[in-house]
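Data block for query_9.txt (compact mmCIF, C-alpha atoms and all ligand atoms):
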# COMPACT_ATOMS: atom_id res chain seq x y z
CA MET J 1 17.50 34.10 -6.22
CA THR J 2 17.96 31.63 -9.05
CA PHE J 3 18.30 27.91 -8.46
CA ASN J 4 19.58 24.90 -10.30
CA THR J 5 17.28 24.77 -13.34
CA ALA J 6 16.97 21.00 -12.86
CA LEU J 7 14.54 21.88 -10.04
CA ASP J 8 12.09 23.49 -12.50
CA SER J 9 10.82 20.10 -13.65
CA ILE J 10 10.52 18.61 -10.14
CA SER J 11 7.28 18.64 -8.17
CA THR J 12 7.76 18.45 -4.41
CA TYR J 13 7.06 15.00 -2.97
CA GLU J 14 3.71 14.96 -1.26
CA ALA J 15 4.08 12.92 1.91
CA GLY J 16 1.20 11.31 3.79
CA LYS J 17 -0.33 13.88 6.14
CA PRO J 18 0.79 13.57 9.78
CA ILE J 19 -1.61 13.02 12.68
CA GLU J 20 -0.46 16.33 14.25
CA LEU J 21 -1.90 18.23 11.28
CA VAL J 22 -5.36 16.77 11.78
CA VAL J 23 -5.19 17.64 15.48
CA ARG J 24 -4.23 21.24 14.64
CA GLU J 25 -6.61 21.81 11.75
CA PHE J 26 -9.72 19.93 12.80
CA GLY J 27 -9.35 19.80 16.56
CA ILE J 28 -9.77 16.03 16.64
CA LYS J 29 -8.18 14.23 19.58
CA GLU J 30 -4.92 12.54 18.72
CA ASN J 31 -6.09 9.12 19.90
CA GLU J 32 -9.16 9.32 17.66
CA ILE J 33 -7.19 9.85 14.48
CA ILE J 34 -6.45 6.94 12.18
CA LYS J 35 -3.58 7.15 9.76
CA LEU J 36 -3.94 4.90 6.75
CA ALA J 37 -1.82 7.07 4.48
CA SER J 38 1.82 6.02 4.50
CA ASN J 39 1.76 2.22 4.64
CA GLU J 40 3.06 2.03 8.17
CA ASN J 41 2.48 -1.13 10.21
CA PRO J 42 -0.83 -0.60 12.08
CA LEU J 43 0.38 -2.86 14.90
CA GLY J 44 3.30 -0.51 15.47
CA ALA J 45 6.87 -1.53 16.22
CA SER J 46 7.69 -4.70 18.11
CA PRO J 47 7.46 -4.22 21.90
CA LYS J 48 11.02 -5.58 22.03
CA VAL J 49 12.19 -2.65 19.94
CA LEU J 50 10.60 -0.20 22.35
CA GLN J 51 12.19 -1.85 25.39
CA SER J 52 15.58 -1.83 23.76
CA ILE J 53 15.32 1.87 22.86
CA VAL J 54 14.39 2.79 26.43
CA LYS J 55 17.28 0.73 27.79
CA ASN J 56 19.85 2.33 25.52
CA VAL J 57 18.62 5.90 25.28
CA SER J 58 21.36 7.24 27.57
CA ASN J 59 23.92 6.46 24.83
CA ILE J 60 22.60 9.07 22.44
CA TYR J 61 25.38 11.55 23.24
CA LEU J 62 27.81 9.23 21.42
CA TYR J 63 28.08 9.07 17.64
CA PRO J 64 26.72 5.81 16.25
CA ASP J 65 28.94 2.90 15.21
CA ASP J 66 29.66 4.02 11.66
CA SER J 67 30.63 0.48 10.60
CA MET J 68 27.10 -0.57 11.61
CA PHE J 69 28.66 -3.87 12.55
CA ALA J 70 25.85 -5.44 14.56
CA LEU J 71 23.06 -4.71 12.10
CA LYS J 72 25.14 -5.75 9.09
CA GLU J 73 26.00 -9.03 10.83
CA SER J 74 22.38 -9.64 11.54
CA LEU J 75 21.22 -8.80 7.99
CA SER J 76 24.07 -10.89 6.62
CA GLN J 77 22.81 -13.93 8.53
CA TYR J 78 19.19 -13.25 7.69
CA PHE J 79 19.79 -12.91 3.94
CA LYS J 80 22.84 -15.23 3.69
CA VAL J 81 24.98 -12.53 2.07
CA HIS J 82 28.38 -11.11 3.06
CA THR J 83 28.50 -8.03 5.26
CA ASN J 84 30.41 -6.28 2.45
CA GLU J 85 27.35 -6.81 0.24
CA ILE J 86 25.20 -4.60 2.49
CA ILE J 87 24.77 -0.83 2.79
CA ILE J 88 22.54 0.86 5.38
CA GLY J 89 20.74 4.13 4.70
CA ALA J 90 18.52 6.68 6.40
CA GLY J 91 15.56 4.90 4.83
CA SER J 92 15.99 2.99 1.59
CA ASP J 93 15.19 6.37 0.07
CA GLN J 94 18.73 7.45 0.80
CA ILE J 95 20.11 4.39 -0.98
CA ILE J 96 18.03 5.27 -4.05
CA GLU J 97 19.78 8.64 -3.99
CA PHE J 98 23.24 7.02 -3.64
CA CYS J 99 22.51 4.73 -6.60
CA ILE J 100 21.55 7.61 -8.85
CA HIS J 101 24.56 9.71 -7.89
CA ALA J 102 26.93 6.77 -8.18
CA LYS J 103 25.75 5.55 -11.55
CA ALA J 104 24.19 8.43 -13.49
CA ASN J 105 24.82 12.02 -14.55
CA LYS J 106 23.08 14.68 -16.61
CA ASN J 107 23.67 12.73 -19.82
CA SER J 108 22.10 9.55 -18.47
CA LYS J 109 18.67 8.07 -18.99
CA ILE J 110 16.79 6.39 -16.17
CA LEU J 111 13.93 4.01 -16.86
CA MET J 112 10.92 3.45 -14.60
CA ALA J 113 7.22 2.62 -14.71
CA LYS J 114 4.68 5.35 -15.49
CA THR J 115 3.13 5.21 -12.03
CA THR J 116 5.63 4.24 -9.38
CA PHE J 117 7.47 5.53 -6.30
CA ALA J 118 7.87 9.28 -6.86
CA MET J 119 11.38 9.55 -5.41
CA TYR J 120 12.91 7.69 -8.39
CA GLU J 121 11.92 10.56 -10.64
CA ILE J 122 12.78 13.32 -8.17
CA TYR J 123 16.34 12.10 -7.57
CA SER J 124 16.83 11.42 -11.29
CA LYS J 125 15.73 14.88 -12.30
CA ALA J 126 17.81 16.49 -9.54
CA ILE J 127 20.98 15.42 -11.36
CA GLY J 128 19.51 16.47 -14.71
CA ALA J 129 19.14 12.90 -16.00
CA ARG J 130 16.42 12.11 -18.50
CA VAL J 131 13.54 10.09 -17.09
CA ILE J 132 12.05 7.47 -19.42
CA LYS J 133 8.71 5.98 -18.42
CA THR J 134 6.80 3.00 -19.74
CA GLN J 135 3.32 3.77 -21.09
CA GLY J 136 1.07 1.37 -19.22
CA GLU J 137 -0.11 1.97 -15.68
CA ILE J 138 1.30 -1.20 -14.09
CA HIS J 139 4.78 -2.74 -14.54
CA ASN J 140 4.98 -4.48 -17.91
CA LEU J 141 8.37 -6.00 -18.72
CA THR J 142 7.69 -6.21 -22.46
CA GLU J 143 7.37 -2.44 -22.42
CA PHE J 144 10.40 -2.11 -20.16
CA LEU J 145 12.44 -4.17 -22.64
CA GLU J 146 11.31 -2.04 -25.59
CA CYS J 147 12.28 1.13 -23.74
CA TYR J 148 15.56 -0.43 -22.69
CA ASN J 149 16.40 -1.35 -26.29
CA THR J 150 15.45 2.09 -27.58
CA HIS J 151 17.09 4.22 -24.89
CA ASN J 152 19.89 2.19 -23.31
CA PRO J 153 19.30 3.64 -19.81
CA SER J 154 22.02 3.63 -17.10
CA ILE J 155 19.52 2.65 -14.43
CA ILE J 156 16.26 0.70 -14.43
CA PHE J 157 13.88 0.85 -11.47
CA LEU J 158 11.57 -2.08 -10.78
CA CYS J 159 9.30 -1.63 -7.79
CA VAL J 160 8.33 -5.14 -6.69
CA PRO J 161 5.57 -4.82 -5.48
CA ASN J 162 4.80 -1.40 -6.85
CA ASN J 163 3.84 1.62 -4.76
CA PRO J 164 1.28 3.26 -5.22
CA LEU J 165 -0.61 0.67 -7.30
CA GLY J 166 0.05 -2.62 -5.49
CA ASP J 167 0.84 -4.65 -8.63
CA CYS J 168 3.71 -7.12 -8.44
CA LEU J 169 5.88 -8.84 -11.04
CA ASP J 170 6.70 -12.54 -10.70
CA LYS J 171 10.27 -13.46 -9.85
CA SER J 172 10.49 -15.65 -12.96
CA GLU J 173 9.54 -12.83 -15.33
CA ILE J 174 12.01 -10.49 -13.65
CA TYR J 175 14.77 -13.07 -14.13
CA GLU J 176 13.87 -13.52 -17.81
CA PHE J 177 14.01 -9.75 -18.20
CA LEU J 178 17.35 -9.43 -16.41
CA LYS J 179 18.93 -12.01 -18.74
CA GLN J 180 18.46 -9.51 -21.55
CA ILE J 181 19.96 -6.52 -19.77
CA ASN J 182 23.57 -5.57 -20.28
CA GLU J 183 25.82 -5.86 -17.26
CA ASP J 184 26.63 -2.15 -17.21
CA THR J 185 23.01 -1.19 -16.53
CA LEU J 186 22.18 -0.96 -12.84
CA VAL J 187 18.82 -2.57 -12.11
CA ILE J 188 17.29 -1.50 -8.81
CA ILE J 189 14.79 -3.95 -7.37
CA ASP J 190 12.87 -2.01 -4.75
CA GLY J 191 11.51 -4.57 -2.28
CA ALA J 192 9.91 -2.15 0.21
CA TYR J 193 6.80 -4.39 0.33
CA GLN J 194 8.43 -7.77 -0.34
CA GLU J 195 7.45 -9.14 3.08
CA TYR J 196 3.78 -8.74 2.15
CA ALA J 197 4.17 -10.12 -1.38
CA LYS J 198 6.03 -13.17 -0.13
CA ALA J 199 3.35 -13.90 2.46
CA LYS J 200 0.65 -13.82 -0.22
CA ASP J 201 2.32 -15.60 -3.14
CA SER J 202 5.72 -17.30 -3.20
CA ALA J 203 6.00 -16.67 -6.97
CA LYS J 204 6.51 -12.98 -6.11
CA SER J 205 9.27 -13.56 -3.58
CA ILE J 206 12.72 -12.21 -4.42
CA ASP J 207 15.69 -13.68 -2.58
CA PRO J 208 18.37 -10.95 -2.56
CA GLN J 209 21.21 -13.46 -2.32
CA GLU J 210 20.05 -15.40 -5.35
CA LEU J 211 19.27 -12.18 -7.22
CA ILE J 212 22.69 -10.58 -6.86
CA ASN J 213 24.56 -13.82 -7.52
CA SER J 214 22.56 -14.49 -10.68
CA PHE J 215 22.63 -10.87 -11.84
CA PRO J 216 25.62 -8.92 -10.46
CA ASN J 217 24.30 -5.68 -11.99
CA THR J 218 21.33 -5.57 -9.61
CA ILE J 219 20.75 -4.08 -6.18
CA TYR J 220 17.95 -5.14 -3.86
CA LEU J 221 16.47 -2.48 -1.57
CA GLY J 222 14.66 -3.23 1.66
CA THR J 223 13.28 -1.02 4.39
CA PHE J 224 12.37 -1.17 8.06
CA SER J 225 9.68 1.48 7.54
CA LYS J 226 6.82 -0.75 6.44
CA ALA J 227 6.32 -4.32 7.74
CA TYR J 228 8.98 -3.80 10.45
CA GLY J 229 7.08 -0.84 11.86
CA LEU J 230 9.96 1.65 12.06
CA GLY J 231 8.88 4.45 9.70
CA GLY J 232 9.87 7.09 12.23
CA MET J 233 13.38 5.68 12.63
CA ARG J 234 14.44 6.19 9.00
CA ILE J 235 16.37 3.04 8.24
CA GLY J 236 16.67 0.82 5.19
CA TYR J 237 19.26 -1.33 3.43
CA GLY J 238 20.67 -2.23 0.04
CA ILE J 239 22.10 -5.62 -0.95
CA ALA J 240 24.42 -5.85 -3.96
CA LYS J 241 27.78 -7.22 -5.06
CA GLU J 242 30.74 -5.69 -3.26
CA SER J 243 31.83 -3.49 -6.20
CA ILE J 244 28.43 -1.75 -6.21
CA ILE J 245 28.38 -1.37 -2.42
CA LYS J 246 31.88 0.12 -2.54
CA ALA J 247 30.79 2.74 -5.07
CA LEU J 248 27.68 3.66 -3.07
CA SER J 249 29.68 3.83 0.16
CA LYS J 250 31.77 6.69 -1.24
CA LEU J 251 28.62 8.81 -1.18
CA ARG J 252 27.36 7.77 2.24
CA PRO J 253 27.76 10.59 4.78
CA PRO J 254 29.35 9.45 8.04
CA PHE J 255 26.85 8.57 10.77
CA ASN J 256 23.92 8.67 8.35
CA VAL J 257 21.85 6.39 10.59
CA THR J 258 21.28 7.11 14.28
CA THR J 259 22.29 4.86 17.16
CA LEU J 260 18.69 4.23 18.14
CA SER J 261 17.65 3.47 14.56
CA LEU J 262 20.41 0.88 14.21
CA LEU J 263 19.36 -0.69 17.47
CA ALA J 264 15.67 -0.63 16.58
CA ALA J 265 16.32 -2.33 13.24
CA LEU J 266 18.42 -5.01 14.92
CA GLU J 267 15.67 -5.81 17.42
CA ALA J 268 12.93 -5.60 14.80
CA LEU J 269 14.73 -8.13 12.60
CA LYS J 270 15.04 -10.50 15.55
CA ASP J 271 11.35 -10.36 16.40
CA GLN J 272 10.02 -12.34 13.44
CA GLU J 273 6.97 -13.29 15.49
CA HIS J 274 5.84 -9.67 15.41
CA ILE J 275 6.33 -9.60 11.63
CA GLN J 276 4.27 -12.77 11.25
CA LYS J 277 1.49 -11.23 13.32
CA SER J 278 1.59 -8.11 11.16
CA LEU J 279 1.52 -10.07 7.91
CA GLN J 280 -1.36 -12.14 9.25
CA ASN J 281 -3.41 -9.03 10.04
CA ASN J 282 -2.76 -7.80 6.52
CA LEU J 283 -3.81 -11.08 4.89
CA GLU J 284 -6.97 -11.21 7.00
CA GLN J 285 -8.00 -7.61 6.39
CA MET J 286 -7.20 -7.21 2.68
CA PRO J 287 -10.25 -9.26 1.52
CA TYR J 288 -12.58 -6.77 3.30
CA PHE J 289 -11.14 -3.99 1.16
CA GLU J 290 -11.62 -6.08 -1.96
CA SER J 291 -15.25 -6.91 -1.13
CA PHE J 292 -15.91 -3.28 -0.27
CA ALA J 293 -14.58 -2.19 -3.66
CA LYS J 294 -16.76 -4.75 -5.43
CA GLU J 295 -19.86 -3.67 -3.49
CA GLN J 296 -19.21 -0.02 -4.34
CA GLY J 297 -18.28 -0.68 -7.96
CA LEU J 298 -14.75 0.68 -7.49
CA ASP J 299 -11.89 -0.66 -9.60
CA TYR J 300 -8.73 -1.89 -7.93
CA ILE J 301 -5.63 -3.84 -8.85
CA PRO J 302 -5.12 -6.93 -6.65
CA SER J 303 -2.51 -5.78 -4.16
CA TYR J 304 0.60 -7.62 -2.94
CA THR J 305 1.31 -4.95 -0.34
CA ASN J 306 -0.19 -3.52 2.85
CA PHE J 307 -2.28 -1.00 0.94
CA ILE J 308 -4.95 -1.00 -1.74
CA THR J 309 -5.59 1.59 -4.43
CA TYR J 310 -9.16 2.34 -5.43
CA PHE J 311 -9.80 3.90 -8.82
CA LEU J 312 -12.80 6.20 -8.50
CA LYS J 313 -15.41 7.03 -11.11
CA GLU J 314 -18.23 9.30 -9.95
CA ILE J 315 -16.40 10.34 -6.79
CA ASP J 316 -13.51 12.80 -6.80
CA SER J 317 -10.40 11.62 -4.93
CA THR J 318 -9.75 15.02 -3.35
CA GLN J 319 -13.33 15.26 -2.09
CA ILE J 320 -13.35 11.86 -0.45
CA ALA J 321 -9.84 12.34 0.97
CA ASN J 322 -10.87 15.66 2.55
CA PHE J 323 -14.15 14.24 3.84
CA LEU J 324 -12.26 11.47 5.61
CA LEU J 325 -9.54 13.82 6.84
CA GLN J 326 -12.06 16.12 8.53
CA ARG J 327 -13.36 13.07 10.36
CA GLY J 328 -9.95 11.89 11.49
CA VAL J 329 -9.12 9.28 8.87
CA ILE J 330 -6.03 10.06 6.82
CA ILE J 331 -5.65 8.28 3.48
CA ARG J 332 -3.53 9.10 0.44
CA ASN J 333 -5.04 11.04 -2.42
CA LEU J 334 -3.29 10.04 -5.65
CA SER J 335 -4.28 13.15 -7.60
CA SER J 336 -0.61 14.21 -7.56
CA TYR J 337 0.06 11.13 -9.72
CA GLY J 338 -2.57 12.37 -12.16
CA LEU J 339 -5.00 9.68 -11.02
CA ASN J 340 -8.52 9.93 -9.68
CA ALA J 341 -7.63 7.32 -7.12
CA ILE J 342 -7.00 6.88 -3.41
CA ARG J 343 -4.53 4.63 -1.66
CA ILE J 344 -5.52 3.19 1.70
CA THR J 345 -3.12 1.43 4.04
CA ILE J 346 -4.61 -1.76 5.48
CA GLY J 347 -5.14 -1.02 9.16
CA THR J 348 -6.37 -3.03 12.11
CA LYS J 349 -9.89 -4.42 11.97
CA GLU J 350 -11.27 -1.48 14.01
CA GLN J 351 -9.48 1.13 11.91
CA ASN J 352 -10.69 -0.42 8.68
CA LYS J 353 -14.29 -0.57 9.94
CA LYS J 354 -14.18 3.15 10.63
CA PHE J 355 -12.91 3.79 7.11
CA PHE J 356 -15.69 1.69 5.54
CA THR J 357 -18.37 3.38 7.67
CA LEU J 358 -17.20 6.86 6.76
CA PHE J 359 -16.92 5.96 3.09
CA HIS J 360 -20.58 4.84 3.22
CA HIS J 361 -21.57 8.11 4.89
CA PHE J 362 -19.83 10.02 2.12
CA LEU J 363 -21.73 8.12 -0.56
CA ASN J 364 -25.06 8.53 1.22
CA GLN J 365 -24.74 12.30 1.65
CA LYS J 366 -24.12 12.83 -2.05
C1 LIG G 1 8.28 3.42 1.62
C2 LIG G 1 9.04 3.12 0.39
C3 LIG G 1 10.43 3.20 0.30
C4 LIG G 1 11.39 3.68 1.32
O1 LIG G 1 11.03 4.06 2.49
P1 LIG G 1 12.09 4.52 3.56
O2 LIG G 1 11.21 4.91 4.67
O3 LIG G 1 12.90 5.62 2.97
O4 LIG G 1 12.93 3.31 3.84
C5 LIG G 1 11.05 2.85 -0.86
N1 LIG G 1 10.36 2.43 -1.91
C6 LIG G 1 9.04 2.33 -1.87
C7 LIG G 1 8.35 1.83 -3.06
C8 LIG G 1 8.33 2.68 -0.73
O5 LIG G 1 7.00 2.61 -0.74
Please go through the file and, once you have read it, give me the structure as structure tokens.
Ligand SMILES: *Cc1c(COP(=O)(O)O)cnc(C)c1O
Amino acid sequence: MTFNTALDSISTYEAGKPIELVVREFGIKENEIIKLASNENPLGASPKVLQSIVKNVSNIYLYPDDSMFALKESLSQYFKVHTNEIIIGAGSDQIIEFCIHAKANKNSKILMAKTTFAMYEIYSKAIGARVIKTQGEIHNLTEFLECYNTHNPSIIFLCVPNNPLGDCLDKSEIYEFLKQINEDTLVIIDGAYQEYAKAKDSAKSIDPQELINSFPNTIYLGTFSKAYGLGGMRIGYGIAKESIIKALSKLRPPFNVTTLSLLAALEALKDQEHIQKSLQNNLEQMPYFESFAKEQGLDYIPSYTNFITYFLKEIDSTQIANFLLQRGVIIRNLSSYGLNAIRITIGTKEQNKKFFTLFHHFLNQK
């Protein structure tokens, strides 16, 4: 059978390996496996979320509230934006897809960093759009501006902070950049890790309300999958001016987010104490990963997220990733990005210790 030829240039997204796979393939007990591969919150979801799910589980035979009233109200208060400036998706991934379908077509160009979240490219190529990438590894707005001036893209993706490298633009430089972008170009500010960036350095913090009011051609994306600990619930949000939200809403399938996901997000947003605890763990543990890299002579980019990327020299990323996997520690091999690098999610103190110990073992056996 033949398929849409647009698919020929797409490589399938390689997701972090699930715990179940390590149980099946290596016979390691589930409770002994540590997943530091997909930037999930190592403290898990808020206990209040779990209680609320249990309490409401009998409602799952009903379709969800498609207006998503309660969660939109809550996000609207949290971010000081109107409810009609919010869209909810099955992960912010789905909103990325809506943006591309709403704004671009096969004649469009879409601009992004060389090494950034893989779904930007996949969704762009799926509609046959031309992907333009900056040359340098990390986000560099001088390069972005040059590419913008040369190519006049319909969409620009800025991942702030950037997955999988951890680098993060300052708010002030983003604003300077946005001043030079024409109002018909949609600029997507992906804030999947903003909670972590904000906790580390206020200069990196993007306020969605201020962003969209200063630059009406932007959309801010947030997710409940990372700091909020709801990766398994598939829920994220977009904040933009009403005209953009209206366009995206035409593409949103009815009931795209489940009843329990809506509820979980609502409770997670309320429990800011749990978020603070999670951010605290991250701030405390990150320096251990930095010292470890220095001791081992590994390069890394200072990270504003809940993960760190190590650039390897003598070691091969696939070898170390497999070594760890066979011993129950799942990390992310970045070879699919063309890098000899690994990305490790910052875990709890105990989880991180196990990672460091095994990494040492690997080096000693060589
Ligand atoms: C995890 C992630 C997302 C979206 O995750 P969802 O689970 O779909 O909400 C978006 N952008 C980046 C950069 C991410 O790392």
Point-to-point distance in Å for atom CA of Gln276 of chain J and atom CA of Glu195 of chain J: 9.5 Å
task: Go through J:Thr348, J:Asn84, J:Thr223, J:Ser124 and flag the residue nearest ligand LIG 1 (chain G), using all atoms listed in the file for the distances.
output: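 Residue with the minimum atom-to-atom distance to ligand LIG 1 (chain G): J:Thr223.
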query: By how many Å are atom CA of Leu71 of chain J and atom CA of Asp271 of chain J apart?
result: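 Interatomic distance, atom CA of Leu71 of chain J to atom CA of Asp271 of chain J: 13.7 Å.
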With all atoms listed in the file counted and 7 Å as the cut-off, give the residues of chain J in contact with ligand LIG 1 (chain G), each with its shortest interatomic distance in Å and the pair that gives it, as a Markdown table.
| residue | atom | partner | partner_atom | distance |
| --- | --- | --- | --- | --- |
| J:Ala90 | CA | G:LIG1 | O3 | 6.7 |
| J:Gly91 | CA | G:LIG1 | O4 | 3.2 |
| J:Ser92 | CA | G:LIG1 | O4 | 3.8 |
| J:Asp93 | CA | G:LIG1 | O3 | 3.8 |
| J:Gln94 | CA | G:LIG1 | O3 | 6.5 |
| J:Phe117 | CA | G:LIG1 | C7 | 5.0 |
| J:Cys159 | CA | G:LIG1 | C7 | 5.9 |
| J:Asn162 | CA | G:LIG1 | C7 | 6.1 |
| J:Asn163 | CA | G:LIG1 | C7 | 4.8 |
| J:Asp190 | CA | G:LIG1 | N1 | 5.8 |
| J:Ala192 | CA | G:LIG1 | C6 | 5.0 |
| J:Thr223 | CA | G:LIG1 | O4 | 4.4 |
| J:Phe224 | CA | G:LIG1 | O4 | 6.2 |
| J:Ser225 | CA | G:LIG1 | O2 | 4.7 |
| J:Lys226 | CA | G:LIG1 | C1 | 6.5 |
| J:Gly231 | CA | G:LIG1 | O2 | 5.6 |
| J:Arg234 | CA | G:LIG1 | O2 | 5.6 |
| J:Ile235 | CA | G:LIG1 | O4 | 5.6 |
| J:Gly236 | CA | G:LIG1 | O4 | 4.7 |
message: I'd like to know which of J:Tyr63, J:Ser154, J:Asn213, J:Ile28 is closest to Gln326 of chain J, using all atoms listed in the file.
response: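 Distance minimum relative to Gln326 of chain J lands on J:Ile28.
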message: Restricting the calculation to all atoms listed in the file: of J:Lys114, J:Leu269, J:Phe255, J:Asn105, which residue gets closest to Arg130 of chain J?
response: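 Closest to Arg130 of chain J of all the choices is J:Asn105.
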Please produce, as JSON lines, a per-residue contact table for segment 14-80 of chain J versus segment 302-311 of chain J (criterion: any atom at most 12 Å away, only C-alpha atoms considered), showing the nearest atom pair and its distance in Å to one decimal, sorted by chain then residue number.
{"residue": "J:Leu36", "atom": "CA", "partner": "J:Phe307", "partner_atom": "CA", "distance": 8.4}
{"residue": "J:Ala37", "atom": "CA", "partner": "J:Phe307", "partner_atom": "CA", "distance": 8.8}
{"residue": "J:Ser38", "atom": "CA", "partner": "J:Phe307", "partner_atom": "CA", "distance": 8.9}
{"residue": "J:Asn39", "atom": "CA", "partner": "J:Asn306", "partner_atom": "CA", "distance": 6.3}
{"residue": "J:Glu40", "atom": "CA", "partner": "J:Asn306", "partner_atom": "CA", "distance": 8.3}
{"residue": "J:Asn41", "atom": "CA", "partner": "J:Asn306", "partner_atom": "CA", "distance": 8.2}
{"residue": "J:Pro42", "atom": "CA", "partner": "J:Asn306", "partner_atom": "CA", "distance": 9.7}
Neighbours of point (14.1, -4.5, -5.4) within 10 Å, using all atoms listed in the file, written as a ChimeraX atom specification: /J:157-162,187-194,206-208,211,218-222,238-239
